[in-house]
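Below is one structure; the comments refer to it alone.
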Amino acid sequence: MLDNIFLEALAAVIEEGGFDKAALKLNISQSAVSQRIRNFEEQLGRVLVVRSNPPEPTEDGRKLIKHLHTIRLMEHDLNDSMGLNPSGEFVTLPVGVNADSLATWFLDALDGFLKEHNVLFDLYVDDENRTHEMLRRGEVVGCIGTVSKPVKGCRSDYLATFDYLCLSTPDFYKRWFKDGFNRESVAKAPAAVFNRKDETQSQMLAKVFPGESVAHPIFYIPSTESFVDIICRELAYGMVPEFQVEEELESGQLIEVVPEGRVPVSLYWHSWNVETTLLEGLRRELVGYFKNKA
């Protein structure tokens, strides 16, 4: 029988990023947290935490944390159905989301859900091509991602497809692409890229210059809001979802540099295949948000 006190200590160390921070969350001493983890490891006869900075769970540790998240969801459902949560205690859902979605539509889609349920999000932000790895590792109960195939033990639902456009200001275009968007101009013009996991710039170049490798200056800017600002300040050109810059395109502040380089990005909601009210409600709100906009 697994002891929830040990499970909570394990999850706190990993989620908070350290034994000292876990102690603050659990309102116990750091030595007490360490003792609980040691006792848990001795009880199971295996290492659960890699004592790195920050601590990392072993594969067994990940499985136990996922088990705890499942228990929390099911207990919340049971308490609600039996009227055992009169104080309105919150349940925390770890969710993976890409930065563009978080900065634009994600909270709009879930505003009603969050107001209806006593839910707090613990949001993990990563590139849309990588969020499903967090789900695979059991770090989150659901994620927004671009992979259509469900992770083992999970389900996936299509949400929407967004076009990412290659954009610049008119003056930036005149300065760097006056002779057209060709290999020579691309090799000199600074391009804004969200981070080293962001693939939209390379996908665009692969469409425009198939089979060719084009090196170019990169301005890394891991902020959705500042990303557009960098382009508007004429410091770089870059790939931006069309819905995020409709006003700038309509006013002419930004223009599409290379229309044939549009990159469609389809988003999916992935979640554990566990039947609970909260996970089903979360899925329904996200899928319904885009159906209502269709």
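Just remember, in the structure tokens the first chain shown is A, the second B, etc., residues are 1-based per chain, and ligands are 1-based in the order shown.
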
Backbone-only DSSP, alpha helix (DSSP H) members of stretch 69-254 of chain A, as a PDB file with N, CA and C atoms, in the first residue's frame:
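Saved as selection_31.pdb:
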```pdb
ATOM      1  N   HIS A  69      -1.123  12.102  -9.327  1.00  0.00           N
ATOM      2  CA  HIS A  69      -2.013  13.008 -10.060  1.00  0.00           C
ATOM      3  C   HIS A  69      -3.347  12.329 -10.360  1.00  0.00           C
ATOM      4  N   THR A  70      -3.300  11.051 -10.707  1.00  0.00           N
ATOM      5  CA  THR A  70      -4.531  10.312 -10.986  1.00  0.00           C
ATOM      6  C   THR A  70      -5.390  10.214  -9.735  1.00  0.00           C
ATOM      7  N   ILE A  71      -4.759   9.920  -8.606  1.00  0.00           N
ATOM      8  CA  ILE A  71      -5.491   9.831  -7.339  1.00  0.00           C
ATOM      9  C   ILE A  71      -6.166  11.161  -7.023  1.00  0.00           C
ATOM     10  N   ARG A  72      -5.433  12.267  -7.217  1.00  0.00           N
ATOM     11  CA  ARG A  72      -5.998  13.589  -6.917  1.00  0.00           C
ATOM     12  C   ARG A  72      -7.248  13.856  -7.752  1.00  0.00           C
ATOM     13  N   LEU A  73      -7.172  13.522  -9.038  1.00  0.00           N
ATOM     14  CA  LEU A  73      -8.324  13.733  -9.918  1.00  0.00           C
ATOM     15  C   LEU A  73      -9.515  12.899  -9.481  1.00  0.00           C
ATOM     16  N   MET A  74      -9.279  11.635  -9.178  1.00  0.00           N
ATOM     17  CA  MET A  74     -10.371  10.735  -8.817  1.00  0.00           C
ATOM     18  C   MET A  74     -10.956  11.097  -7.453  1.00  0.00           C
ATOM     19  N   GLU A  75     -10.110  11.515  -6.520  1.00  0.00           N
ATOM     20  CA  GLU A  75     -10.608  11.933  -5.215  1.00  0.00           C
ATOM     21  C   GLU A  75     -11.446  13.200  -5.320  1.00  0.00           C
ATOM     22  N   HIS A  76     -11.020  14.119  -6.207  1.00  0.00           N
ATOM     23  CA  HIS A  76     -11.793  15.342  -6.410  1.00  0.00           C
ATOM     24  C   HIS A  76     -13.176  15.008  -6.954  1.00  0.00           C
ATOM     25  N   ASP A  77     -13.235  14.084  -7.919  1.00  0.00           N
ATOM     26  CA  ASP A  77     -14.518  13.648  -8.464  1.00  0.00           C
ATOM     27  C   ASP A  77     -15.396  13.037  -7.379  1.00  0.00           C
ATOM     28  N   LEU A  78     -14.814  12.154  -6.569  1.00  0.00           N
ATOM     29  CA  LEU A  78     -15.564  11.484  -5.519  1.00  0.00           C
ATOM     30  C   LEU A  78     -16.091  12.475  -4.491  1.00  0.00           C
ATOM     31  N   ASN A  79     -15.230  13.395  -4.058  1.00  0.00           N
ATOM     32  CA  ASN A  79     -15.648  14.392  -3.071  1.00  0.00           C
ATOM     33  C   ASN A  79     -16.772  15.265  -3.604  1.00  0.00           C
ATOM     34  N   ASP A  80     -16.667  15.672  -4.879  1.00  0.00           N
ATOM     35  CA  ASP A  80     -17.715  16.497  -5.469  1.00  0.00           C
ATOM     36  C   ASP A  80     -19.031  15.744  -5.546  1.00  0.00           C
ATOM     37  N   SER A  81     -18.983  14.488  -5.981  1.00  0.00           N
ATOM     38  CA  SER A  81     -20.213  13.705  -6.148  1.00  0.00           C
ATOM     39  C   SER A  81     -20.892  13.409  -4.812  1.00  0.00           C
ATOM     40  N   ALA A  99       3.832  28.430 -25.989  1.00  0.00           N
ATOM     41  CA  ALA A  99       3.812  29.852 -25.613  1.00  0.00           C
ATOM     42  C   ALA A  99       2.811  30.652 -26.432  1.00  0.00           C
ATOM     43  N   ASP A 100       2.705  30.387 -27.742  1.00  0.00           N
ATOM     44  CA  ASP A 100       1.780  31.145 -28.584  1.00  0.00           C
ATOM     45  C   ASP A 100       0.336  30.952 -28.136  1.00  0.00           C
ATOM     46  N   SER A 101      -0.032  29.717 -27.820  1.00  0.00           N
ATOM     47  CA  SER A 101      -1.397  29.445 -27.362  1.00  0.00           C
ATOM     48  C   SER A 101      -1.672  30.131 -26.033  1.00  0.00           C
ATOM     49  N   LEU A 102      -0.708  30.047 -25.117  1.00  0.00           N
ATOM     50  CA  LEU A 102      -0.887  30.655 -23.799  1.00  0.00           C
ATOM     51  C   LEU A 102      -1.054  32.160 -23.911  1.00  0.00           C
ATOM     52  N   ALA A 103      -0.317  32.785 -24.817  1.00  0.00           N
ATOM     53  CA  ALA A 103      -0.353  34.247 -24.953  1.00  0.00           C
ATOM     54  C   ALA A 103      -1.587  34.733 -25.701  1.00  0.00           C
ATOM     55  N   PHE A 106      -5.614  30.469 -25.181  1.00  0.00           N
ATOM     56  CA  PHE A 106      -5.760  29.390 -24.204  1.00  0.00           C
ATOM     57  C   PHE A 106      -6.643  29.776 -23.015  1.00  0.00           C
ATOM     58  N   LEU A 107      -6.371  30.900 -22.374  1.00  0.00           N
ATOM     59  CA  LEU A 107      -7.150  31.303 -21.206  1.00  0.00           C
ATOM     60  C   LEU A 107      -8.559  31.745 -21.590  1.00  0.00           C
ATOM     61  N   ASP A 108      -8.725  32.328 -22.776  1.00  0.00           N
ATOM     62  CA  ASP A 108     -10.070  32.655 -23.255  1.00  0.00           C
ATOM     63  C   ASP A 108     -10.915  31.387 -23.364  1.00  0.00           C
ATOM     64  N   ALA A 109     -10.309  30.332 -23.895  1.00  0.00           N
ATOM     65  CA  ALA A 109     -11.036  29.084 -24.087  1.00  0.00           C
ATOM     66  C   ALA A 109     -11.457  28.454 -22.769  1.00  0.00           C
ATOM     67  N   LEU A 110     -10.662  28.649 -21.724  1.00  0.00           N
ATOM     68  CA  LEU A 110     -10.913  27.953 -20.460  1.00  0.00           C
ATOM     69  C   LEU A 110     -11.403  28.875 -19.343  1.00  0.00           C
ATOM     70  N   ASP A 111     -11.735  30.095 -19.693  1.00  0.00           N
ATOM     71  CA  ASP A 111     -12.192  31.059 -18.686  1.00  0.00           C
ATOM     72  C   ASP A 111     -13.419  30.532 -17.934  1.00  0.00           C
ATOM     73  N   GLY A 112     -14.416  30.053 -18.664  1.00  0.00           N
ATOM     74  CA  GLY A 112     -15.633  29.546 -18.028  1.00  0.00           C
ATOM     75  C   GLY A 112     -15.378  28.310 -17.190  1.00  0.00           C
ATOM     76  N   PHE A 113     -14.540  27.423 -17.686  1.00  0.00           N
ATOM     77  CA  PHE A 113     -14.201  26.190 -16.966  1.00  0.00           C
ATOM     78  C   PHE A 113     -13.532  26.506 -15.636  1.00  0.00           C
ATOM     79  N   LEU A 114     -12.592  27.445 -15.648  1.00  0.00           N
ATOM     80  CA  LEU A 114     -11.853  27.786 -14.432  1.00  0.00           C
ATOM     81  C   LEU A 114     -12.749  28.485 -13.407  1.00  0.00           C
ATOM     82  N   LYS A 115     -13.735  29.238 -13.878  1.00  0.00           N
ATOM     83  CA  LYS A 115     -14.651  29.914 -12.962  1.00  0.00           C
ATOM     84  C   LYS A 115     -15.688  28.956 -12.386  1.00  0.00           C
ATOM     85  N   GLU A 116     -15.969  27.894 -13.127  1.00  0.00           N
ATOM     86  CA  GLU A 116     -16.979  26.927 -12.677  1.00  0.00           C
ATOM     87  C   GLU A 116     -16.402  25.918 -11.692  1.00  0.00           C
ATOM     88  N   THR A 131       5.655  19.430 -26.289  1.00  0.00           N
ATOM     89  CA  THR A 131       4.826  19.316 -25.083  1.00  0.00           C
ATOM     90  C   THR A 131       4.379  17.881 -24.812  1.00  0.00           C
ATOM     91  N   HIS A 132       4.179  17.091 -25.882  1.00  0.00           N
ATOM     92  CA  HIS A 132       3.704  15.715 -25.671  1.00  0.00           C
ATOM     93  C   HIS A 132       4.725  14.870 -24.925  1.00  0.00           C
ATOM     94  N   GLU A 133       6.011  15.288 -24.944  1.00  0.00           N
ATOM     95  CA  GLU A 133       7.018  14.550 -24.194  1.00  0.00           C
ATOM     96  C   GLU A 133       6.771  14.680 -22.694  1.00  0.00           C
ATOM     97  N   MET A 134       6.266  15.835 -22.263  1.00  0.00           N
ATOM     98  CA  MET A 134       5.931  16.010 -20.854  1.00  0.00           C
ATOM     99  C   MET A 134       4.800  15.071 -20.463  1.00  0.00           C
ATOM    100  N   LEU A 135       3.844  14.891 -21.371  1.00  0.00           N
ATOM    101  CA  LEU A 135       2.737  13.972 -21.117  1.00  0.00           C
ATOM    102  C   LEU A 135       3.241  12.540 -21.067  1.00  0.00           C
ATOM    103  N   ARG A 136       4.125  12.210 -21.984  1.00  0.00           N
ATOM    104  CA  ARG A 136       4.690  10.858 -22.026  1.00  0.00           C
ATOM    105  C   ARG A 136       5.432  10.529 -20.720  1.00  0.00           C
ATOM    106  N   PRO A 170       7.296  46.989 -43.782  1.00  0.00           N
ATOM    107  CA  PRO A 170       7.626  47.373 -45.166  1.00  0.00           C
ATOM    108  C   PRO A 170       9.057  47.898 -45.302  1.00  0.00           C
ATOM    109  N   ASP A 171       9.507  48.706 -44.326  1.00  0.00           N
ATOM    110  CA  ASP A 171      10.858  49.259 -44.422  1.00  0.00           C
ATOM    111  C   ASP A 171      11.930  48.178 -44.256  1.00  0.00           C
ATOM    112  N   PHE A 172      11.668  47.223 -43.376  1.00  0.00           N
ATOM    113  CA  PHE A 172      12.618  46.123 -43.214  1.00  0.00           C
ATOM    114  C   PHE A 172      12.720  45.349 -44.528  1.00  0.00           C
ATOM    115  N   TYR A 173      11.587  45.126 -45.161  1.00  0.00           N
ATOM    116  CA  TYR A 173      11.575  44.394 -46.435  1.00  0.00           C
ATOM    117  C   TYR A 173      12.401  45.137 -47.496  1.00  0.00           C
ATOM    118  N   LYS A 174      12.211  46.459 -47.569  1.00  0.00           N
ATOM    119  CA  LYS A 174      12.943  47.257 -48.566  1.00  0.00           C
ATOM    120  C   LYS A 174      14.448  47.225 -48.304  1.00  0.00           C
ATOM    121  N   ARG A 175      14.804  47.174 -47.015  1.00  0.00           N
ATOM    122  CA  ARG A 175      16.223  47.204 -46.673  1.00  0.00           C
ATOM    123  C   ARG A 175      16.906  45.866 -46.970  1.00  0.00           C
ATOM    124  N   TRP A 176      16.265  44.758 -46.601  1.00  0.00           N
ATOM    125  CA  TRP A 176      16.923  43.462 -46.660  1.00  0.00           C
ATOM    126  C   TRP A 176      16.518  42.601 -47.859  1.00  0.00           C
ATOM    127  N   ARG A 183      18.367  33.293 -51.604  1.00  0.00           N
ATOM    128  CA  ARG A 183      19.373  32.756 -50.694  1.00  0.00           C
ATOM    129  C   ARG A 183      20.349  33.824 -50.215  1.00  0.00           C
ATOM    130  N   GLU A 184      20.708  34.736 -51.094  1.00  0.00           N
ATOM    131  CA  GLU A 184      21.684  35.768 -50.739  1.00  0.00           C
ATOM    132  C   GLU A 184      21.114  36.721 -49.690  1.00  0.00           C
ATOM    133  N   SER A 185      19.859  37.137 -49.879  1.00  0.00           N
ATOM    134  CA  SER A 185      19.265  38.081 -48.926  1.00  0.00           C
ATOM    135  C   SER A 185      18.965  37.399 -47.592  1.00  0.00           C
ATOM    136  N   VAL A 186      18.505  36.145 -47.653  1.00  0.00           N
ATOM    137  CA  VAL A 186      18.203  35.411 -46.422  1.00  0.00           C
ATOM    138  C   VAL A 186      19.468  35.189 -45.597  1.00  0.00           C
ATOM    139  N   THR A 200       9.483  26.550 -36.914  1.00  0.00           N
ATOM    140  CA  THR A 200       8.705  27.182 -37.982  1.00  0.00           C
ATOM    141  C   THR A 200       9.581  27.921 -38.994  1.00  0.00           C
ATOM    142  N   GLN A 201      10.657  28.560 -38.545  1.00  0.00           N
ATOM    143  CA  GLN A 201      11.552  29.257 -39.467  1.00  0.00           C
ATOM    144  C   GLN A 201      12.212  28.258 -40.422  1.00  0.00           C
ATOM    145  N   SER A 202      12.718  27.161 -39.889  1.00  0.00           N
ATOM    146  CA  SER A 202      13.373  26.160 -40.739  1.00  0.00           C
ATOM    147  C   SER A 202      12.365  25.470 -41.664  1.00  0.00           C
ATOM    148  N   GLN A 203      11.130  25.294 -41.190  1.00  0.00           N
ATOM    149  CA  GLN A 203      10.092  24.698 -42.035  1.00  0.00           C
ATOM    150  C   GLN A 203       9.751  25.626 -43.199  1.00  0.00           C
ATOM    151  N   MET A 204       9.708  26.931 -42.923  1.00  0.00           N
ATOM    152  CA  MET A 204       9.439  27.904 -43.976  1.00  0.00           C
ATOM    153  C   MET A 204      10.548  27.885 -45.020  1.00  0.00           C
ATOM    154  N   LEU A 205      11.786  27.901 -44.565  1.00  0.00           N
ATOM    155  CA  LEU A 205      12.913  27.897 -45.498  1.00  0.00           C
ATOM    156  C   LEU A 205      12.946  26.609 -46.319  1.00  0.00           C
ATOM    157  N   ALA A 206      12.556  25.498 -45.720  1.00  0.00           N
ATOM    158  CA  ALA A 206      12.524  24.225 -46.449  1.00  0.00           C
ATOM    159  C   ALA A 206      11.475  24.249 -47.554  1.00  0.00           C
ATOM    160  N   LYS A 207      10.392  25.003 -47.353  1.00  0.00           N
ATOM    161  CA  LYS A 207       9.367  25.123 -48.393  1.00  0.00           C
ATOM    162  C   LYS A 207       9.839  26.033 -49.525  1.00  0.00           C
ATOM    163  N   VAL A 208      10.495  27.123 -49.159  1.00  0.00           N
ATOM    164  CA  VAL A 208      10.916  28.105 -50.160  1.00  0.00           C
ATOM    165  C   VAL A 208      12.162  27.642 -50.902  1.00  0.00           C
ATOM    166  N   THR A 224       6.471  35.476 -26.557  1.00  0.00           N
ATOM    167  CA  THR A 224       5.508  35.673 -27.647  1.00  0.00           C
ATOM    168  C   THR A 224       5.213  37.145 -27.885  1.00  0.00           C
ATOM    169  N   GLU A 225       5.016  37.905 -26.797  1.00  0.00           N
ATOM    170  CA  GLU A 225       4.699  39.316 -26.948  1.00  0.00           C
ATOM    171  C   GLU A 225       5.886  40.095 -27.531  1.00  0.00           C
ATOM    172  N   SER A 226       7.071  39.855 -26.992  1.00  0.00           N
ATOM    173  CA  SER A 226       8.248  40.580 -27.468  1.00  0.00           C
ATOM    174  C   SER A 226       8.663  40.132 -28.867  1.00  0.00           C
ATOM    175  N   PHE A 227       8.273  38.910 -29.245  1.00  0.00           N
ATOM    176  CA  PHE A 227       8.613  38.394 -30.570  1.00  0.00           C
ATOM    177  C   PHE A 227       8.036  39.306 -31.652  1.00  0.00           C
ATOM    178  N   VAL A 228       6.758  39.636 -31.518  1.00  0.00           N
ATOM    179  CA  VAL A 228       6.118  40.522 -32.496  1.00  0.00           C
ATOM    180  C   VAL A 228       6.715  41.922 -32.392  1.00  0.00           C
ATOM    181  N   ASP A 229       7.027  42.352 -31.174  1.00  0.00           N
ATOM    182  CA  ASP A 229       7.597  43.677 -30.978  1.00  0.00           C
ATOM    183  C   ASP A 229       8.944  43.811 -31.697  1.00  0.00           C
ATOM    184  N   ILE A 230       9.762  42.766 -31.643  1.00  0.00           N
ATOM    185  CA  ILE A 230      11.056  42.773 -32.327  1.00  0.00           C
ATOM    186  C   ILE A 230      10.865  42.985 -33.829  1.00  0.00           C
ATOM    187  N   ILE A 231       9.850  42.342 -34.381  1.00  0.00           N
ATOM    188  CA  ILE A 231       9.575  42.475 -35.818  1.00  0.00           C
ATOM    189  C   ILE A 231       9.074  43.890 -36.125  1.00  0.00           C
ATOM    190  N   CYS A 232       8.162  44.387 -35.283  1.00  0.00           N
ATOM    191  CA  CYS A 232       7.629  45.733 -35.504  1.00  0.00           C
ATOM    192  C   CYS A 232       8.710  46.813 -35.333  1.00  0.00           C
ATOM    193  N   GLU A 246      -3.550  40.177 -36.774  1.00  0.00           N
ATOM    194  CA  GLU A 246      -4.551  40.596 -37.769  1.00  0.00           C
ATOM    195  C   GLU A 246      -4.602  42.115 -37.910  1.00  0.00           C
ATOM    196  N   GLU A 247      -4.539  42.831 -36.790  1.00  0.00           N
ATOM    197  CA  GLU A 247      -4.598  44.296 -36.839  1.00  0.00           C
ATOM    198  C   GLU A 247      -3.370  44.875 -37.536  1.00  0.00           C
ATOM    199  N   GLU A 248      -2.198  44.338 -37.224  1.00  0.00           N
ATOM    200  CA  GLU A 248      -0.960  44.841 -37.829  1.00  0.00           C
ATOM    201  C   GLU A 248      -0.928  44.585 -39.334  1.00  0.00           C
ATOM    202  N   LEU A 249      -1.499  43.461 -39.757  1.00  0.00           N
ATOM    203  CA  LEU A 249      -1.551  43.160 -41.186  1.00  0.00           C
ATOM    204  C   LEU A 249      -2.557  44.058 -41.892  1.00  0.00           C
ATOM    205  N   GLU A 250      -3.694  44.276 -41.253  1.00  0.00           N
ATOM    206  CA  GLU A 250      -4.739  45.112 -41.867  1.00  0.00           C
ATOM    207  C   GLU A 250      -4.272  46.560 -41.999  1.00  0.00           C
ATOM    208  N   SER A 251      -3.523  47.049 -41.005  1.00  0.00           N
ATOM    209  CA  SER A 251      -3.064  48.439 -41.042  1.00  0.00           C
ATOM    210  C   SER A 251      -1.852  48.626 -41.958  1.00  0.00           C
TER     211      SER A 251
END
```

>> For the structure I just gave you, how does DSSP split stretch 49-268 of chain A - specifically, which residues are strand (DSSP E or B)? Reply as a PyMOL selection string.
In response: chain A and resi 49-50+56-57+91-97+119-125+142-145+154-168+191-193+218-220+237-241+255-256+263-268

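Checking A:Val49, A:Ile65, A:Val265, A:Val214 one by one against A:Thr146, counting only C-alpha atoms, you find the shortest gap at A:Val265.
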
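Proximity to A:Trp269 at 6 Å, evaluated using only C-alpha atoms and with sequence-adjacent residues fewer than 3 positions away removed, yields Cys143, Ile144, Ser156 and Asp157 of chain A.
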
Can you spit out the residues from that selection as a JSON list (two decimals), in the first residue's frame, using C-alpha atoms?
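again.json, freshly written:
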```json
[["chain", "number", "residue", "atom", "x", "y", "z"],
["A", 143, "CYS", "CA", -1.06, 19.19, -23.18],
["A", 144, "ILE", "CA", -1.48, 21.26, -26.33],
["A", 156, "SER", "CA", -6.04, 13.14, -28.53],
["A", 157, "ASP", "CA", -8.55, 15.60, -29.99]]
```

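The nearest approach to A:Leu254 among the residues A:Ala191, A:Leu167, A:Lys291, A:Tyr158, with only C-alpha atoms taken into account, belongs to A:Leu167.
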